[in-house]
Each structure stands twice: as C-alpha cells, then as structure tokens.
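Peer 1: See data33.csv below, with CSV, C-alpha atoms.
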chain,number,residue,atom,x,y,z
A,237,MET,CA,88.7,43.0,93.1
A,238,ALA,CA,86.8,40.2,94.8
A,239,PRO,CA,83.2,39.5,93.7
A,240,TYR,CA,80.2,40.2,95.9
A,241,GLU,CA,77.1,38.0,96.4
A,242,SER,CA,73.7,39.7,95.9
A,243,ASP,CA,70.6,38.6,97.7
A,244,ASP,CA,69.5,36.5,94.7
A,245,SER,CA,72.7,34.5,94.9
A,246,THR,CA,74.1,35.8,91.6
A,247,THR,CA,77.7,36.9,91.5
A,248,THR,CA,78.6,40.4,90.3
A,249,THR,CA,81.9,42.2,89.9
A,250,THR,CA,82.9,45.8,89.4
A,251,THR,CA,84.7,46.3,86.1
A,252,ALA,CA,87.6,48.7,85.5
A,253,GLY,CA,85.3,50.8,83.4
A,254,GLU,CA,82.7,51.0,86.2
A,255,ALA,CA,85.4,51.9,88.7
A,256,ASP,CA,86.6,54.7,86.4
A,257,ASP,CA,83.0,55.9,86.1
A,258,LEU,CA,82.6,55.8,89.8
A,259,ARG,CA,85.8,57.8,90.3
A,260,THR,CA,84.6,60.4,87.8
A,261,GLY,CA,81.1,60.6,89.4
A,262,ARG,CA,82.7,61.2,92.9
A,263,ARG,CA,84.9,63.9,91.5
A,264,THR,CA,81.8,65.7,90.2
A,265,ALA,CA,79.9,65.3,93.5
A,266,ALA,CA,77.5,68.1,94.5
A,267,ARG,CA,79.1,71.2,95.9
A,268,TYR,CA,80.0,71.7,99.5
A,269,VAL,CA,77.3,73.3,101.6
A,270,VAL,CA,79.9,75.5,103.3
A,271,PRO,CA,83.7,76.1,102.6
A,272,VAL,CA,85.5,73.3,104.4
A,273,ALA,CA,88.9,71.6,104.7
A,274,VAL,CA,90.1,68.3,103.5
A,275,VAL,CA,90.7,65.6,106.2
A,276,GLY,CA,91.6,62.4,104.3
A,277,VAL,CA,89.6,59.4,105.2
A,278,ALA,CA,90.4,56.1,103.4
A,279,ALA,CA,87.8,55.2,100.8
A,280,ALA,CA,85.9,52.2,99.5
A,281,THR,CA,85.3,49.3,97.2
A,282,ILE,CA,81.7,49.1,96.3
A,283,GLY,CA,79.8,46.0,97.3
A,284,LEU,CA,76.8,45.4,95.1
A,285,VAL,CA,74.4,44.3,97.9
A,286,PRO,CA,70.8,45.6,97.6
A,287,ALA,CA,69.3,47.3,100.6
A,288,LEU,CA,66.7,45.5,102.6
A,289,ALA,CA,64.3,47.5,104.8
A,290,SER,CA,64.1,46.5,108.5
A,291,SER,CA,60.8,46.4,110.4
A,292,GLY,CA,59.6,49.9,111.2
A,293,ASP,CA,62.0,51.5,108.8
A,294,PRO,CA,60.9,53.3,105.6
A,295,ASP,CA,60.0,50.8,102.8
A,296,LEU,CA,62.1,52.1,100.0
A,297,PRO,CA,63.0,50.6,96.6
A,298,LYS,CA,66.0,48.3,96.6
A,299,ILE,CA,69.3,50.0,95.7
A,300,THR,CA,72.9,48.8,95.4
A,301,ALA,CA,75.8,50.5,97.1
A,302,GLN,CA,77.2,51.7,93.7
A,303,GLN,CA,73.8,53.2,92.8
A,304,LEU,CA,73.7,55.0,96.2
A,305,ILE,CA,77.2,56.3,95.7
A,306,ASP,CA,76.1,57.6,92.3
A,307,LYS,CA,73.1,59.2,93.8
A,308,ILE,CA,75.3,61.1,96.3
A,309,ALA,CA,77.6,62.2,93.4
A,310,GLN,CA,74.7,63.3,91.3
A,311,SER,CA,72.9,65.2,94.1
A,312,ASP,CA,72.2,68.7,92.8
A,313,VAL,CA,70.9,70.2,96.0
A,314,GLU,CA,71.9,73.9,96.0
A,315,GLN,CA,69.3,75.4,98.3
A,316,LEU,CA,68.7,74.3,101.8
A,317,SER,CA,68.6,75.4,105.4
A,318,GLY,CA,68.7,73.5,108.6
A,319,THR,CA,70.2,72.6,112.0
A,320,VAL,CA,73.1,70.1,112.4
A,321,LYS,CA,74.1,68.5,115.7
A,322,ILE,CA,77.7,67.3,115.7
A,323,SER,CA,79.4,65.4,118.5
A,324,THR,CA,83.1,64.5,118.5
A,325,ASP,CA,84.7,62.2,121.1
A,326,LEU,CA,88.4,61.6,120.2
A,327,GLY,CA,89.2,60.6,123.8
A,328,LEU,CA,91.5,63.6,124.2
A,329,PRO,CA,92.8,64.0,127.8
A,330,ASN,CA,90.9,66.6,129.9
A,331,LEU,CA,93.3,69.5,130.4
A,332,GLY,CA,90.8,71.9,131.7
A,333,GLY,CA,90.3,73.5,128.2
A,334,LEU,CA,94.0,73.5,127.3
A,335,GLU,CA,93.5,70.8,124.7
A,336,SER,CA,91.2,73.1,122.7
A,337,GLY,CA,93.7,75.9,123.0
A,338,LEU,CA,96.5,73.6,121.7
A,339,LEU,CA,94.4,72.6,118.7
A,340,SER,CA,93.6,76.2,117.9
A,341,GLY,CA,97.2,77.2,118.4
A,342,ALA,CA,98.5,74.5,116.1
A,343,THR,CA,96.1,75.6,113.4
A,344,GLN,CA,96.7,79.3,114.0
A,345,SER,CA,100.5,78.9,113.7
A,346,GLY,CA,101.7,81.5,111.3
A,347,GLY,CA,98.3,83.0,111.1
A,348,ASP,CA,97.1,86.5,112.0
A,349,GLY,CA,95.7,85.6,115.4
A,350,SER,CA,92.1,86.6,114.8
A,351,SER,CA,89.5,84.7,116.8
A,352,ALA,CA,87.2,85.1,113.8
A,353,ASP,CA,89.6,83.2,111.5
A,354,PRO,CA,87.6,80.0,110.5
A,355,SER,CA,90.8,77.9,110.4
A,356,VAL,CA,91.1,78.7,114.2
A,357,LYS,CA,87.5,78.8,115.3
A,358,LEU,CA,86.2,75.6,113.6
A,359,THR,CA,88.8,73.5,115.5
A,360,GLU,CA,86.4,73.7,118.4
A,361,LEU,CA,84.4,71.0,116.5
A,362,ALA,CA,87.2,68.6,117.3
A,363,SER,CA,85.7,67.9,120.7
A,364,GLY,CA,82.4,68.0,122.5
A,365,THR,CA,78.9,68.5,121.2
A,366,HIS,CA,77.9,71.5,119.1
A,367,THR,CA,74.9,72.9,117.3
A,368,LEU,CA,75.3,74.4,113.8
A,369,ARG,CA,72.8,76.3,111.6
A,370,VAL,CA,73.6,75.9,107.9
A,371,ALA,CA,72.1,77.6,104.8
A,372,ALA,CA,73.0,77.5,101.1
A,373,ASP,CA,71.7,79.2,97.9
A,374,GLY,CA,73.9,78.0,95.0
A,375,PRO,CA,77.6,77.7,94.8
A,376,ASP,CA,78.3,81.3,95.8
A,377,ARG,CA,76.2,81.8,98.9
A,378,GLN,CA,76.6,79.7,102.0
A,379,LYS,CA,76.4,80.3,105.7
A,380,LEU,CA,77.4,78.2,108.7
A,381,SER,CA,76.8,79.4,112.3
A,382,LEU,CA,78.2,77.8,115.4
A,383,LEU,CA,75.9,78.4,118.3
A,384,GLU,CA,77.5,79.0,121.7
A,385,ASN,CA,76.4,80.0,125.1
A,386,ALA,CA,75.3,83.7,124.8
A,387,ALA,CA,77.5,84.0,121.6
A,388,GLU,CA,77.6,82.9,118.0
A,389,TYR,CA,80.3,82.4,115.4
A,390,SER,CA,79.3,82.7,111.7
A,391,LEU,CA,81.1,81.9,108.5
A,392,ILE,CA,79.5,83.5,105.4
A,393,HIS,CA,80.4,83.1,101.8
A,394,ASP,CA,78.6,85.7,99.6
A,395,GLY,CA,79.9,86.0,96.1
A,396,LYS,CA,83.6,87.0,96.2
A,397,ASP,CA,83.5,87.7,99.9
A,398,VAL,CA,84.1,85.3,102.8
A,399,TRP,CA,83.3,86.6,106.2
A,400,GLY,CA,84.0,85.1,109.7
A,401,TYR,CA,82.4,86.9,112.7
A,402,ASP,CA,82.9,86.0,116.4
A,403,SER,CA,80.3,87.8,118.4
A,404,LYS,CA,82.0,87.0,121.7
A,405,SER,CA,85.2,88.9,120.8
A,406,ASN,CA,83.5,91.2,118.2
A,407,GLU,CA,86.2,90.3,115.7
A,408,VAL,CA,85.7,89.9,111.9
A,409,TYR,CA,87.8,87.9,109.4
A,410,HIS,CA,87.5,88.8,105.7
A,411,ALA,CA,88.9,87.2,102.6
A,412,THR,CA,88.2,87.8,98.9
A,413,ALA,CA,88.0,84.9,96.4
A,414,ASP,CA,89.3,86.6,93.2
A,415,ASP,CA,89.3,83.5,91.0
A,416,SER,CA,88.4,79.8,91.0
A,417,ALA,CA,91.9,78.7,92.1
A,418,THR,CA,91.8,81.0,95.1
A,419,LYS,CA,88.2,79.8,95.9
A,420,GLY,CA,89.5,76.3,95.9
A,421,GLN,CA,92.2,77.2,98.4
A,422,GLU,CA,89.6,79.0,100.6
A,423,SER,CA,87.2,76.1,100.5
A,424,GLU,CA,90.0,73.7,101.7
A,425,ASN,CA,91.0,75.9,104.6
A,426,HIS,CA,88.3,74.9,107.1
A,427,ALA,CA,87.2,71.8,109.0
A,428,PRO,CA,84.4,69.5,107.6
A,429,ALA,CA,81.3,70.3,109.6
A,430,THR,CA,78.2,68.8,107.8
A,431,PRO,CA,77.3,65.2,107.0
A,432,LYS,CA,77.9,66.0,103.3
A,433,ASP,CA,81.4,67.3,104.0
A,434,LEU,CA,82.4,64.3,106.0
A,435,THR,CA,80.8,61.8,103.5
A,436,GLU,CA,82.6,63.3,100.5
A,437,GLU,CA,85.9,62.9,102.4
A,438,ALA,CA,85.1,59.3,103.3
A,439,LEU,CA,84.4,58.6,99.6
A,440,LYS,CA,87.3,60.6,98.1
A,441,SER,CA,89.0,57.6,96.4
A,442,VAL,CA,88.3,54.0,95.6
A,443,ASP,CA,90.5,51.0,96.4
A,444,ASP,CA,90.2,47.4,97.6
A,445,THR,CA,90.8,48.0,101.3
A,446,THR,CA,87.2,48.7,102.2
A,447,SER,CA,83.8,47.2,101.6
A,448,VAL,CA,80.8,49.4,101.1
A,449,THR,CA,77.2,48.1,101.4
A,450,VAL,CA,73.7,49.4,101.8
A,451,ASP,CA,72.5,48.5,105.3
A,452,GLY,CA,68.8,49.1,105.3
A,453,THR,CA,66.8,52.3,105.7
A,454,MET,CA,66.1,54.9,108.4
A,455,GLN,CA,64.6,58.3,109.0
A,456,VAL,CA,66.6,61.5,109.7
A,457,ALA,CA,65.0,64.9,110.4
A,458,GLY,CA,61.7,63.5,109.1
A,459,ARG,CA,63.3,62.4,105.8
A,460,ASP,CA,63.4,58.8,104.4
A,461,ALA,CA,67.0,57.7,103.9
A,462,TYR,CA,69.2,54.7,102.9
A,463,LYS,CA,72.0,53.7,105.2
A,464,LEU,CA,75.4,53.3,103.5
A,465,LEU,CA,77.9,51.2,105.5
A,466,ILE,CA,81.6,51.6,105.0
A,467,LYS,CA,83.9,49.1,106.8
A,468,PRO,CA,87.7,48.6,106.6
A,469,LYS,CA,88.9,45.1,105.4
A,470,GLN,CA,92.3,45.7,107.0
A,471,SER,CA,93.3,45.0,110.6
A,472,GLY,CA,95.4,47.6,112.4
A,473,THR,CA,93.2,50.5,111.8
A,474,THR,CA,91.4,52.4,114.6
A,475,VAL,CA,88.3,52.9,112.4
A,476,GLY,CA,85.5,50.4,113.0
A,477,ALA,CA,82.8,51.5,110.5
A,478,ILE,CA,81.3,54.6,109.0
A,479,SER,CA,77.5,54.8,108.5
A,480,VAL,CA,75.9,57.5,106.3
A,481,ALA,CA,72.2,58.2,106.0
A,482,VAL,CA,71.5,59.3,102.4
A,483,ASP,CA,68.3,61.2,101.6
A,484,ALA,CA,66.3,58.9,99.4
A,485,LYS,CA,64.9,61.7,97.2
A,486,THR,CA,67.8,64.2,96.9
A,487,GLY,CA,70.9,62.0,97.5
A,488,LEU,CA,72.1,64.4,100.1
A,489,PRO,CA,73.9,62.8,103.1
A,490,LEU,CA,71.8,63.6,106.2
A,491,LYS,CA,73.8,61.9,108.9
A,492,PHE,CA,77.4,60.7,109.3
A,493,THR,CA,78.6,58.4,112.1
A,494,LEU,CA,82.1,57.1,112.6
A,495,THR,CA,82.6,54.4,115.2
A,496,PRO,CA,86.0,53.2,116.4
A,497,ALA,CA,87.3,49.7,116.2
A,498,SER,CA,87.7,49.7,120.0
A,499,GLY,CA,83.9,50.1,120.4
A,500,GLY,CA,82.0,52.5,122.5
A,501,ALA,CA,80.5,55.8,121.6
A,502,ALA,CA,80.9,57.2,118.1
A,503,VAL,CA,84.1,59.3,117.5
A,504,VAL,CA,82.1,61.6,115.1
A,505,ASP,CA,78.3,61.8,114.9
A,506,ALA,CA,77.0,64.6,112.7
A,507,GLY,CA,73.4,64.8,111.6
A,508,PHE,CA,70.6,67.1,110.6
A,509,THR,CA,67.9,67.5,113.3
A,510,GLN,CA,65.9,69.8,110.9
A,511,VAL,CA,66.3,70.4,107.2
A,512,SER,CA,64.4,72.3,104.5
A,513,PHE,CA,65.1,72.4,100.8
A,514,ALA,CA,63.3,75.7,100.3
A,515,LYS,CA,65.3,78.8,99.1
A,516,PRO,CA,66.7,80.7,102.1
A,517,ALA,CA,65.9,84.4,102.4
A,518,ALA,CA,68.5,86.6,100.6
A,519,SER,CA,69.1,88.4,103.9
A,520,THR,CA,70.5,85.2,105.4
A,521,PHE,CA,73.8,85.9,103.6
A,522,ASP,CA,74.0,89.6,104.2
A,523,PHE,CA,76.9,90.8,106.4
A,524,THR,CA,78.3,94.1,107.5
A,525,PRO,CA,81.0,94.3,110.1
A,526,PRO,CA,79.4,95.7,113.4
A,527,LYS,CA,80.5,99.1,114.6
A,528,GLY,CA,83.7,98.9,116.6
A,529,ALA,CA,84.6,95.4,115.4
A,530,LYS,CA,88.2,94.5,114.7
A,531,VAL,CA,88.5,93.5,111.0
A,532,THR,CA,91.4,91.3,109.9
A,533,GLU,CA,92.0,91.0,106.2
A,534,ASP,CA,93.4,87.7,104.8
A,535,GLY,CA,95.9,89.0,102.2
A,536,ALA,CA,97.2,85.6,101.3
A,537,THR,CA,93.7,84.5,100.2
A,538,GLU,CA,93.0,87.8,98.5
A,539,HIS,CA,96.2,88.1,96.5
A,540,GLY,CA,98.3,84.9,96.8
A,541,GLN,CA,101.1,85.9,94.5
A,542,GLU,CA,101.4,89.4,96.0
A,543,SER,CA,102.0,87.8,99.4
A,544,GLY,CA,105.3,86.6,98.0
A,545,LYS,CA,104.3,82.9,98.1
A,546,SER,CA,104.8,80.5,95.2
A,547,ASP,CA,102.1,78.3,93.8
A,548,GLU,CA,103.8,75.3,95.5
A,549,ASP,CA,103.6,77.1,98.8
A,550,LEU,CA,100.0,77.9,98.4
A,551,VAL,CA,99.1,74.3,97.5
A,552,LYS,CA,101.0,73.1,100.6
A,553,GLU,CA,99.0,75.6,102.7
A,554,ALA,CA,95.7,74.5,101.2
A,555,ASP,CA,96.5,70.9,102.1
A,556,GLY,CA,97.8,71.8,105.6
A,557,LEU,CA,101.3,70.6,104.7
A,558,ASP,CA,103.2,73.9,105.0
A,559,GLY,CA,106.1,73.5,107.5
A,560,LEU,CA,106.4,69.8,107.0
A,561,ASP,CA,109.7,68.5,105.8
A,562,GLY,CA,109.9,65.3,103.7
A,563,LEU,CA,106.3,64.4,103.8
A,564,LYS,CA,105.6,60.8,102.6
A,565,VAL,CA,103.0,58.1,103.1
A,566,ILE,CA,103.7,54.6,104.3
A,567,GLY,CA,101.2,51.8,103.7
A,568,GLU,CA,97.9,52.0,101.9
A,569,GLY,CA,94.2,52.3,102.5
A,570,TRP,CA,93.1,52.5,106.1
A,571,ASN,CA,96.6,51.6,107.3
A,572,SER,CA,98.2,54.6,105.6
A,573,VAL,CA,100.6,56.5,107.9
A,574,ALA,CA,101.9,60.0,107.1
A,575,SER,CA,105.5,60.6,107.9
A,576,PHE,CA,107.3,64.0,108.1
A,577,ASP,CA,110.1,65.8,110.0
A,578,ILE,CA,109.4,68.6,112.4
A,579,GLY,CA,113.0,69.7,112.4
A,580,SER,CA,113.6,69.1,116.0
A,581,LYS,CA,116.3,66.7,117.3
A,582,SER,CA,114.8,66.5,120.7
A,583,GLY,CA,111.7,64.6,119.8
A,584,LEU,CA,108.8,66.7,121.2
A,585,PRO,CA,108.5,70.2,119.8
A,586,SER,CA,110.2,72.9,121.8
A,587,GLY,CA,108.6,75.9,120.1
A,588,THR,CA,111.7,77.0,118.4
A,589,SER,CA,111.2,75.3,115.0
A,590,GLY,CA,108.8,73.3,112.9
A,591,SER,CA,105.0,73.7,112.4
A,592,PHE,CA,104.3,72.7,116.0
A,593,GLY,CA,106.0,75.7,117.5
A,594,SER,CA,102.7,76.9,119.1
A,595,VAL,CA,103.1,74.2,121.7
A,596,GLY,CA,105.8,76.3,123.2
A,597,ASP,CA,107.5,74.8,126.2
A,598,LEU,CA,104.9,72.2,126.8
A,599,GLY,CA,107.1,69.4,125.3
A,600,GLY,CA,108.0,67.9,128.7
A,601,PHE,CA,104.4,68.1,129.9
A,602,LEU,CA,103.0,66.5,126.7
A,603,GLY,CA,105.6,63.8,126.9
A,604,SER,CA,104.1,62.7,130.2
A,605,LEU,CA,100.8,62.1,128.4
A,606,GLY,CA,102.2,59.7,125.9
A,607,ASP,CA,103.6,56.1,125.8
A,608,LYS,CA,107.3,55.6,125.4
A,609,VAL,CA,108.2,53.1,122.6
A,610,THR,CA,111.3,51.8,120.9
A,611,GLY,CA,112.2,50.1,117.6
A,612,LYS,CA,114.5,50.3,114.6
A,613,PHE,CA,113.8,54.0,114.5
A,614,GLY,CA,115.3,54.4,118.0
A,615,SER,CA,112.9,55.6,120.7
A,616,GLY,CA,109.9,58.0,120.8
A,617,THR,CA,106.5,58.8,122.3
A,618,VAL,CA,103.1,57.7,121.0
A,619,PHE,CA,100.1,60.0,121.6
A,620,SER,CA,96.8,58.2,121.3
A,621,THR,CA,93.2,59.2,120.7
A,622,ARG,CA,90.3,57.0,119.8
A,623,LEU,CA,90.9,57.6,116.1
A,624,VAL,CA,94.2,59.2,115.2
A,625,ASN,CA,97.5,58.3,116.8
A,626,ALA,CA,100.9,59.9,116.4
A,627,LEU,CA,104.4,58.8,117.1
A,628,ILE,CA,107.1,61.5,117.6
A,629,THR,CA,110.6,60.0,117.6
A,630,ASP,CA,113.5,61.4,119.6
A,631,ASP,CA,115.2,62.5,116.4
A,632,GLY,CA,112.2,64.7,115.4
A,633,LYS,CA,110.2,62.5,113.0
A,634,VAL,CA,106.5,62.2,113.2
A,635,TYR,CA,104.3,59.3,112.1
A,636,VAL,CA,100.6,59.8,112.2
A,637,GLY,CA,97.5,57.9,111.1
A,638,ALA,CA,94.2,56.3,112.0
A,639,VAL,CA,96.1,53.1,113.1
A,640,THR,CA,97.0,51.4,116.3
A,641,LYS,CA,100.1,52.0,118.3
A,642,ASP,CA,101.6,48.7,117.0
A,643,ALA,CA,100.9,49.8,113.4
A,644,LEU,CA,102.6,53.1,114.0
A,645,VAL,CA,105.7,51.5,115.4
A,646,LYS,CA,105.8,49.1,112.4
A,647,ALA,CA,105.4,52.0,110.0
A,648,ALA,CA,108.3,53.8,111.7
A,649,ASN,CA,110.5,50.8,111.5
A,650,THR,CA,109.6,50.5,107.8
A,651,GLY,CA,110.3,54.2,107.2
A,652,GLN,CA,113.9,53.9,108.4
Could I get this structure in the form of structure tokens?

Peer 2:
Amino acid sequence: MAPYESDDSTTTTTTAGEADDLRTGRRTAARYVVPVAVVGVAAATIGLVPALASSGDPDLPKITAQQLIDKIAQSDVEQLSGTVKISTDLGLPNLGGLESGLLSGATQSGGDGSSADPSVKLTELASGTHTLRVAADGPDRQKLSLLENAAEYSLIHDGKDVWGYDSKSNEVYHATADDSATKGQESENHAPATPKDLTEEALKSVDDTTSVTVDGTMQVAGRDAYKLLIKPKQSGTTVGAISVAVDAKTGLPLKFTLTPASGGAAVVDAGFTQVSFAKPAASTFDFTPPKGAKVTEDGATEHGQESGKSDEDLVKEADGLDGLDGLKVIGEGWNSVASFDIGSKSGLPSGTSGSFGSVGDLGGFLGSLGDKVTGKFGSGTVFSTRLVNALITDDGKVYVGAVTKDALVKAANTGQ
C-alpha cells in the first residue's frame, strides 16, 4: 500500500498487522440501530491524515482516519432516539409512480404480498425525501418509523418479535427470530436507512482502491463531529465521494452523503436532524396488532428449515441472491461488476422466468428507456441511474455495478 504524508511531513504506512486489526475492529462495529439489509459499497484504504478544523467549525483534537474508523467500530451506543431525514436521487425516470411500484415488485417477488413487509415497504427509500423516527434500547429493541402523509409505517424489533405495521392499509407483518442465525437473516432483509447503516456498508472491507481521510469538522443535530471522506482511486466508477459526519464523543455516524462522479446533488443524503442518547420509554417498542388488521406471518423467518429451504437457499435469500444463476464478480474495488443469468434468452425479462418476473410484460417498454450497446457479448440494453447501471444482454445475462456504461460493456466483454 502506498504511503501517506501527514501534516508534519513525516511518512507513515499501514502495516499488515494494522490492516488486520482494522478489519477485526470493523467486524465488531456497534450494532445496527434497526434491522437492515446489506447493499455492498466498495471500501477503503486508510489515509493517516490528521483532521484540521476549518474556520467556524468545532475545534476538536486532531485525529487520523484510522483512529476515526476505530472510533466508529468501538462505538457502544445502544440507547438513542431521534429524527433522520433521508433524500435519495438516483435519477430514475419519472413514470408517474410506476418506478416505485417496480422496485417494490422486484423486492416482493416470491413474497407474501403484504404491504407491511419491510422488504417491500422500505424500497420507498430508494427515491425522494423521507423523514424517519428511530429509537433503540440495546440489541433486542429497535424501532424505525417512516412518516408519510396522513399515514405511518413502523418496523419494531422487540425481543424475539419483529413487527411491521402499515397504518394506511391496516396490514401487519410478523416474524419471529428464534435463534441468532435467524436474527442475522432478518437483520439483512431490509434496506439501510440510517447514517450508521450506510456507513457500516461503506466500510465493510478494506483494500487499496480507495483513500480515506479526515476532512475537518462540522456540527450535526447540535453535535460536534469529524468529517470522514471516502474517495475512489479508480476511474470508471460512478461514485465521486462519500462523506460521513462522526459524532466526536460517541463515534456514532450522524450524517452520510454520497455524491456521484458526474457531479450535482447527492445521490444519498441521510442525516440526523435531532438526536438524544437518553433511554427511550419502554412503551416505544410495544406493539399489538390493531383490531381488524390483516396479519401476515413470515414462516420462512420463523422456521427456516420447516419451510423446506436448505441452509444454502436461506443464505442466498439473506444476501438477495435467490433466483440468480451463475452469480460472479468481475473486477475489483469500486469497479466491481456483478454478473448473473436471469434465464431469459430474449434479453429483457418477460415475466415468465428469473427473479425479475414481477416486471411482467413491461420488457418492451423498459427497453425503450435504455441505450442499445454491442460488444463481444453480442448486443444488449444499458439502463442507467446516477449511481448503479445495469446491462441486460439479448441472451439473458445481466451485468450490474456502480460503474459507467463503458465500464459495463468492458466487463461484459471480459465475462465472455
């Protein structure tokens, strides 16, 4: 790994032992505030550059990026409550609300169809601006509420019970976490929603494709914080930079901002507008299905083996990989591209096979939204957002990653 220059002109390097310690520290990072899903984001090499406070920002002690990463990993915050504002702008085409339906449908494929299922409901966070209320009291009691116009969706984890409630439809989702393995699957079945969730994903592994530095200080929700800056070293990625505001006292990420390489507004901007580290009232996590509510039980989560699914199938479901044939990764770091087969020989999904069956007969319509490309793989269609792009070839293969269209075509050529 290349050396980094500190502000006193001394050269330092990260040793293999330090890297191992860092990996271990990140694996023991503080628990999630709410049950959330994994959304791989490329990780980082730690630049040992001390933080320098800017004029008007909090005057905090100097800290290196590695020390700040350690501070996040060692954060032991188990009690908090607060409000989070999250804005997502992937640049999806405006289809009059259809785009949200497609996202929900793809996630719901093979599910029970309940509007209270968190794997369906939390896909709404993939676009627009939303306000969340969050609360936590230890590893077994968390609550996330998505505030809507004249309605509210709540996801509550209380001991062995996980409840989802959609007040608009008066539907309830219920799952039981019988053991630690099942809890792990449950916690990986929902979308990241808080700055902590997003930060832990961005720092999931360490390699030499990214530089991480401390970029001064700031205030978030009235709290003094350090700014951690994550930037890809590679060209070809759609990610410009990730900025994380880390609470100077507790080490809890308070704000997460991802800006695209193309510039403009942030793709994801999630931050606390109010936060308290006092113990929430016990009643915060109480839930009883309202009278007349439709209750859907998640049998797979409650009794995985009794559902007839193997351990391998359950792992694939937890990772969101069920239904994907021949999954492999091409490239490394920020330029990683996932490749798999949707089992369709006509390119765009027809609704008769593969995990994208929920798209139904929209294949032709979706094709009009993409760009036609050709290469050694033959021909196909590229669908672009401001962050994640996907290439679907005419023989039914998919290449997807946070890379440019040219990088996707190159990966598809390599994958032949």

Peer 1: Taking 3 positions as the minimum chain separation for residues in the same chain, which residues sit within 9 Å of segment 605-611 of chain A when counting only C-alpha atoms? Answer as a compact mmCIF listing (two decimals) with C-alpha atoms, in the coordinates of the input.

Peer 2:
# COMPACT_ATOMS: atom_id res chain seq x y z
CA PRO A 329 92.80 64.00 127.80
CA PHE A 601 104.40 68.10 129.90
CA LEU A 602 103.00 66.50 126.70
CA GLY A 614 115.30 54.40 118.00
CA SER A 615 112.90 55.60 120.70
CA GLY A 616 109.90 58.00 120.80
CA THR A 617 106.50 58.80 122.30
CA VAL A 618 103.10 57.70 121.00
CA PHE A 619 100.10 60.00 121.60
CA SER A 620 96.80 58.20 121.30
CA LEU A 627 104.40 58.80 117.10
CA THR A 629 110.60 60.00 117.60
CA VAL A 645 105.70 51.50 115.40
CA LYS A 646 105.80 49.10 112.40
CA ALA A 648 108.30 53.80 111.70
CA ASN A 649 110.50 50.80 111.50

Peer 1: From the list A:Val482, A:Ser403, A:Val503, A:Arg459, which residue is nearest Leu361 of chain A when using all atoms listed in the file?

Peer 2: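 For Leu361 of chain A, the nearest of the given residues is A:Val503.
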
Peer 1: Have a look at atom CA of His393 of chain A and atom CA of Thr435 of chain A and let me know their distance in Å, one decimal.

Peer 2: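 The value is 21.4 Å.
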
Peer 1: May I have the residues within 10 Å of Leu488 of chain A as a list in words, using all atoms listed in the file and disregarding those fewer than 2 positions away in the same chain?

Peer 2: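 Non-adjacent residues within range: Ala266, Lys307, Ile308, Ala309, Gln310, Ser311, Asp312, Val313, Pro431, Lys432, Thr435, Ala461, Ala481, Val482, Asp483, Ala484, Lys485, Thr486, Leu490 and Lys491 of chain A.
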
Peer 1: Please determine, counting all atoms listed in the file, which residue among A:Ser479, A:Thr621, A:Asn571, A:Thr532 has the shortest atom-to-atom distance to Leu439 of chain A.

Peer 2: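 Once distances to Leu439 of chain A are computed over all atoms listed in the file, the minimum belongs to A:Ser479.
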
Peer 1: Nearest to Lys527 of chain A among A:Val408, A:Leu382, A:Ile322, A:Ala457, with distances taken over all atoms listed in the file: which residue is it?

Peer 2: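 Between A:Val408, A:Leu382, A:Ile322, A:Ala457, the residue approaching Lys527 of chain A most closely is A:Val408.
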
Peer 1: Atom CA of Phe513 of chain A to atom CA of Pro354 of chain A: how many Å, to one decimal?

Peer 2: 25.7 Å

Peer 1: Can you measure atom CA of Lys612 of chain A to atom CA of Glu568 of chain A for me? One decimal in Å is fine.

Peer 2: 21.0 Å

Peer 1: Let me make sure I understand: among A:Leu304, A:Val624, A:Ser323, A:Asp630, which one has the smallest atom-to-atom distance to Gly472 of chain A if we use all atoms listed in the file?

Peer 2: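 That would be A:Val624, the residue with the smallest distance to Gly472 of chain A.
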
Peer 1: Which is closest to Val475 of chain A among A:Ala514, A:Leu563, A:Met454, A:Ala497, if we use only C-alpha atoms?

Peer 2: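 So, comparing all the options, the nearest one is A:Ala497.
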